[in-house]
file coords24.cif (mmCIF, C-alpha atoms)
data_query
loop_
_atom_site.label_atom_id
_atom_site.label_comp_id
_atom_site.auth_asym_id
_atom_site.auth_seq_id
_atom_site.Cartn_x
_atom_site.Cartn_y
_atom_site.Cartn_z
CA MET P 655 219.47 -102.49 -31.88
CA LYS P 656 217.37 -103.52 -34.84
CA ARG P 657 214.71 -104.82 -32.44
CA VAL P 658 214.63 -101.52 -30.57
CA GLY P 659 214.12 -99.66 -33.83
CA ILE P 660 211.27 -101.96 -34.90
CA LEU P 661 209.71 -101.78 -31.43
CA LEU P 662 210.02 -98.01 -31.43
CA ALA P 663 208.41 -97.83 -34.87
CA ALA P 664 205.59 -100.10 -33.71
CA LEU P 665 204.99 -97.93 -30.63
CA ILE P 666 204.87 -94.79 -32.78
CA LEU P 667 202.35 -96.41 -35.15
CA VAL P 668 200.20 -97.69 -32.28
CA GLY P 669 200.54 -94.45 -30.35
CA GLY P 670 199.63 -92.40 -33.39
CA SER P 671 196.51 -94.40 -34.00
CA VAL P 672 195.35 -93.82 -30.44
CA PHE P 673 195.05 -90.12 -31.24
CA ALA P 674 193.34 -90.60 -34.60
CA ALA P 675 189.79 -89.15 -34.76
CA TYR P 676 186.88 -90.70 -36.56
CA ALA P 677 184.31 -88.52 -38.36
CA VAL P 678 180.87 -89.24 -39.72
CA ASP P 679 178.60 -86.95 -41.69
CA ALA P 680 174.92 -86.17 -41.14
CA PRO P 681 173.89 -83.97 -44.10
CA VAL P 682 170.77 -81.83 -43.89
CA VAL P 683 169.07 -80.62 -47.07
CA VAL P 684 167.37 -77.26 -46.64
CA THR P 685 164.63 -76.28 -49.10
CA ALA P 686 162.41 -73.25 -49.52
CA LYS P 687 160.02 -71.90 -52.10
CA ALA P 688 159.30 -68.21 -52.65
CA ASN P 689 155.69 -67.11 -52.45
CA GLN P 690 154.37 -65.30 -55.50
CA LYS P 691 154.44 -61.62 -54.50
CA ILE P 692 153.94 -58.19 -56.05
CA THR P 693 153.77 -54.71 -54.53
CA ILE P 694 153.22 -51.25 -55.98
CA GLU P 695 153.66 -47.87 -54.35
CA THR P 696 153.99 -44.22 -55.27
CA ASN P 697 156.36 -41.67 -53.81
CA THR P 698 153.47 -39.28 -53.10
CA ALA P 699 149.76 -39.45 -52.37
CA THR P 700 149.05 -35.95 -53.72
CA VAL P 701 150.13 -33.95 -56.75
CA ASP P 702 149.10 -30.29 -56.40
CA PHE P 703 149.14 -28.02 -59.45
CA GLY P 704 148.00 -25.09 -57.30
CA ALA P 705 146.12 -22.23 -58.96
CA ILE P 706 146.68 -22.26 -62.73
CA ASP P 707 145.29 -20.19 -65.58
CA PRO P 708 142.60 -21.82 -67.73
CA GLY P 709 143.70 -22.83 -71.20
CA THR P 710 147.39 -22.79 -70.22
CA PRO P 711 149.11 -26.19 -70.06
CA THR P 712 150.97 -26.44 -66.75
CA THR P 713 153.62 -29.12 -66.20
CA ILE P 714 155.00 -30.79 -63.10
CA ASN P 715 158.16 -32.68 -64.00
CA GLY P 716 158.65 -35.84 -61.95
CA ALA P 717 155.12 -35.54 -60.57
CA VAL P 718 154.95 -39.15 -59.43
CA THR P 719 157.25 -42.15 -59.23
CA VAL P 720 155.63 -45.59 -59.26
CA THR P 721 157.72 -48.45 -57.85
CA VAL P 722 156.84 -52.08 -58.54
CA ARG P 723 158.42 -55.08 -56.84
CA SER P 724 157.56 -58.46 -58.32
CA ASN P 725 159.07 -61.91 -58.48
CA LYS P 726 157.24 -62.63 -61.76
CA PRO P 727 156.79 -60.55 -64.93
CA TYR P 728 153.93 -58.04 -64.68
CA ASN P 729 151.77 -55.45 -66.44
CA VAL P 730 151.07 -51.95 -65.11
CA SER P 731 147.85 -50.09 -65.86
CA TYR P 732 145.91 -47.19 -64.39
CA SER P 733 142.36 -46.09 -63.78
CA ALA P 734 141.37 -42.44 -63.39
CA THR P 735 138.39 -40.41 -62.30
CA ASP P 736 137.37 -37.16 -63.95
CA PHE P 737 138.16 -33.88 -62.16
CA VAL P 738 135.32 -32.92 -59.80
CA ALA P 739 134.50 -29.94 -57.57
CA GLY P 740 131.02 -30.23 -56.10
CA THR P 741 128.64 -30.40 -59.07
CA TRP P 742 131.28 -29.11 -61.51
CA SER P 743 133.58 -31.44 -63.43
CA PHE P 744 135.84 -31.77 -66.43
CA PRO P 745 137.39 -34.86 -68.08
CA VAL P 746 140.63 -36.39 -66.85
CA SER P 747 141.76 -36.30 -70.49
CA ASN P 748 142.65 -32.64 -69.83
CA MET P 749 145.64 -34.07 -67.98
CA GLU P 750 148.49 -35.76 -69.83
CA PHE P 751 151.46 -37.86 -68.74
CA ASN P 752 154.92 -38.35 -70.13
CA GLY P 753 157.05 -41.29 -69.05
CA PRO P 754 157.21 -45.06 -69.48
CA GLY P 755 154.28 -46.27 -71.57
CA SER P 756 153.68 -42.92 -73.27
CA GLY P 757 156.04 -43.58 -76.18
CA GLY P 758 158.18 -40.58 -75.19
CA ASN P 759 155.34 -38.16 -76.00
CA TRP P 760 152.58 -36.57 -73.96
CA ALA P 761 149.59 -38.91 -73.73
CA ALA P 762 146.18 -37.92 -72.41
CA PHE P 763 144.81 -39.83 -69.44
CA SER P 764 141.54 -41.63 -69.97
CA ASN P 765 139.36 -43.33 -67.39
CA SER P 766 141.51 -46.46 -67.81
CA GLY P 767 144.59 -47.40 -69.73
CA SER P 768 147.59 -49.66 -70.02
CA LEU P 769 151.04 -48.26 -69.30
CA LEU P 770 153.55 -51.10 -69.31
CA ALA P 771 153.23 -54.67 -70.55
CA GLY P 772 155.40 -57.68 -69.84
CA GLU P 773 157.88 -55.98 -67.53
CA ALA P 774 160.62 -58.18 -66.08
CA ARG P 775 160.69 -59.34 -62.49
CA GLY P 776 162.58 -57.43 -59.82
CA THR P 777 162.26 -53.89 -58.49
CA LYS P 778 161.65 -51.07 -60.98
CA SER P 779 160.68 -47.43 -60.59
CA TYR P 780 158.87 -45.38 -63.25
CA THR P 781 158.72 -41.57 -63.09
CA TYR P 782 155.93 -39.63 -64.80
CA ASP P 783 155.57 -35.95 -65.64
CA TYR P 784 152.03 -34.56 -65.51
CA ARG P 785 150.63 -31.71 -67.62
CA LEU P 786 147.19 -30.23 -66.91
CA THR P 787 145.08 -27.80 -68.90
CA ILE P 788 142.00 -26.50 -67.08
CA PRO P 789 139.16 -25.61 -69.46
CA TRP P 790 137.66 -22.10 -69.56
CA ASP P 791 134.14 -23.25 -68.75
CA VAL P 792 134.66 -24.44 -65.14
CA ASP P 793 133.91 -22.71 -61.84
CA PRO P 794 137.05 -21.00 -60.47
CA ASP P 795 135.88 -20.93 -56.84
CA ASN P 796 136.46 -24.59 -56.01
CA PRO P 797 139.51 -26.85 -56.16
CA TYR P 798 139.10 -29.77 -58.55
CA SER P 799 140.47 -33.22 -57.86
CA ALA P 800 140.86 -36.47 -59.76
CA THR P 801 142.31 -39.80 -58.63
CA ILE P 802 144.82 -41.78 -60.67
CA THR P 803 145.15 -45.38 -59.43
CA TYR P 804 148.13 -47.42 -60.65
CA THR P 805 147.74 -51.22 -60.71
CA ALA P 806 150.37 -53.92 -61.22
CA VAL P 807 149.29 -57.47 -62.13
CA GLN P 808 151.58 -60.47 -62.42
CA ILE P 809 151.35 -62.36 -65.71
#
call {"tool": "encode", "arguments": {"input": "coords24.cif", "output": "structure tokens"}}
result
Amino acid sequence: MKRVGILLAALILVGGSVFAAYAVDAPVVVTAKANQKITIETNTATVDFGAIDPGTPTTINGAVTVTVRSNKPYNVSYSATDFVAGTWSFPVSNMEFNGPGSGGNWAAFSNSGSLLAGEARGTKSYTYDYRLTIPWDVDPDNPYSATITYTAVQI
């Protein structure tokens, strides 16, 4: 009986090893590198003050939102043209902005300026209020326009 038990145990061990699986690994290392990338966009292409009285500051709250996406820190600046209607013009400094980069106060636009320096990477949106005062000495028969161009540069 002892032999039958040993034989049975041997058969179980041999039988069990017949069903044993063998495994090997083949690892694959996957690598990637992000390209340096930055984008900037505004929520609108036009801000229209409509017809306003000369000498009266007129405000548009939330006039423009600038969104920057960058995978490196960046600076934001702007360039601006003066207001023009045919041969008539007046300085862009008659328009002010309030928002990031203005120190919490109204700041007059100039033909170029710096808004934000050393901003962190990622996606950020900046909303600006605009305030315009049209001078008394301009022609009222033509609409005036100026262009504000926002620029983001990785640092």
call {"tool": "residues_around", "arguments": {"input": "coords24.cif", "residues": "Ser731 in chain P", "least_positions_apart": "4", "cutoff": "8 Å", "atoms": "all atoms listed in the file", "output": "compact mmCIF listing (two decimals) with C-alpha atoms, keeping the file's coordinate frame"}}
result
# COMPACT_ATOMS: atom_id res chain seq x y z
CA SER P 766 141.51 -46.46 -67.81
CA GLY P 767 144.59 -47.40 -69.73
CA SER P 768 147.59 -49.66 -70.02
CA LEU P 769 151.04 -48.26 -69.30
CA LEU P 770 153.55 -51.10 -69.31
CA TYR P 804 148.13 -47.42 -60.65
CA THR P 805 147.74 -51.22 -60.71
CA ALA P 806 150.37 -53.92 -61.22
call {"tool": "residues_around", "arguments": {"input": "coords24.cif", "residues": "Asn697 in chain P", "least_positions_apart": "6", "cutoff": "7 Å", "atoms": "all atoms listed in the file", "output": "ChimeraX atom specification"}}
result
/P:718-720
call {"tool": "resolve_selection", "arguments": {"input": "coords24.cif", "expression": "the PyMOL selection byres ((chain P and resi 759-763) around 8)", "output": "PyMOL selection string"}}
result
chain P and resi 734+746-753+756-758+764-767
call {"tool": "closest_residue", "arguments": {"input": "coords24.cif", "among": "P:Pro745, P:Pro754, P:Pro711, P:Gly776", "to": "Thr693 in chain P", "atoms": "all atoms listed in the file"}}
result
P:Gly776
call {"tool": "atom_distance", "arguments": {"input": "coords24.cif", "atom1": "CA of Tyr732 in chain P", "atom2": "CA of Thr803 in chain P"}}
result
5.3 Å
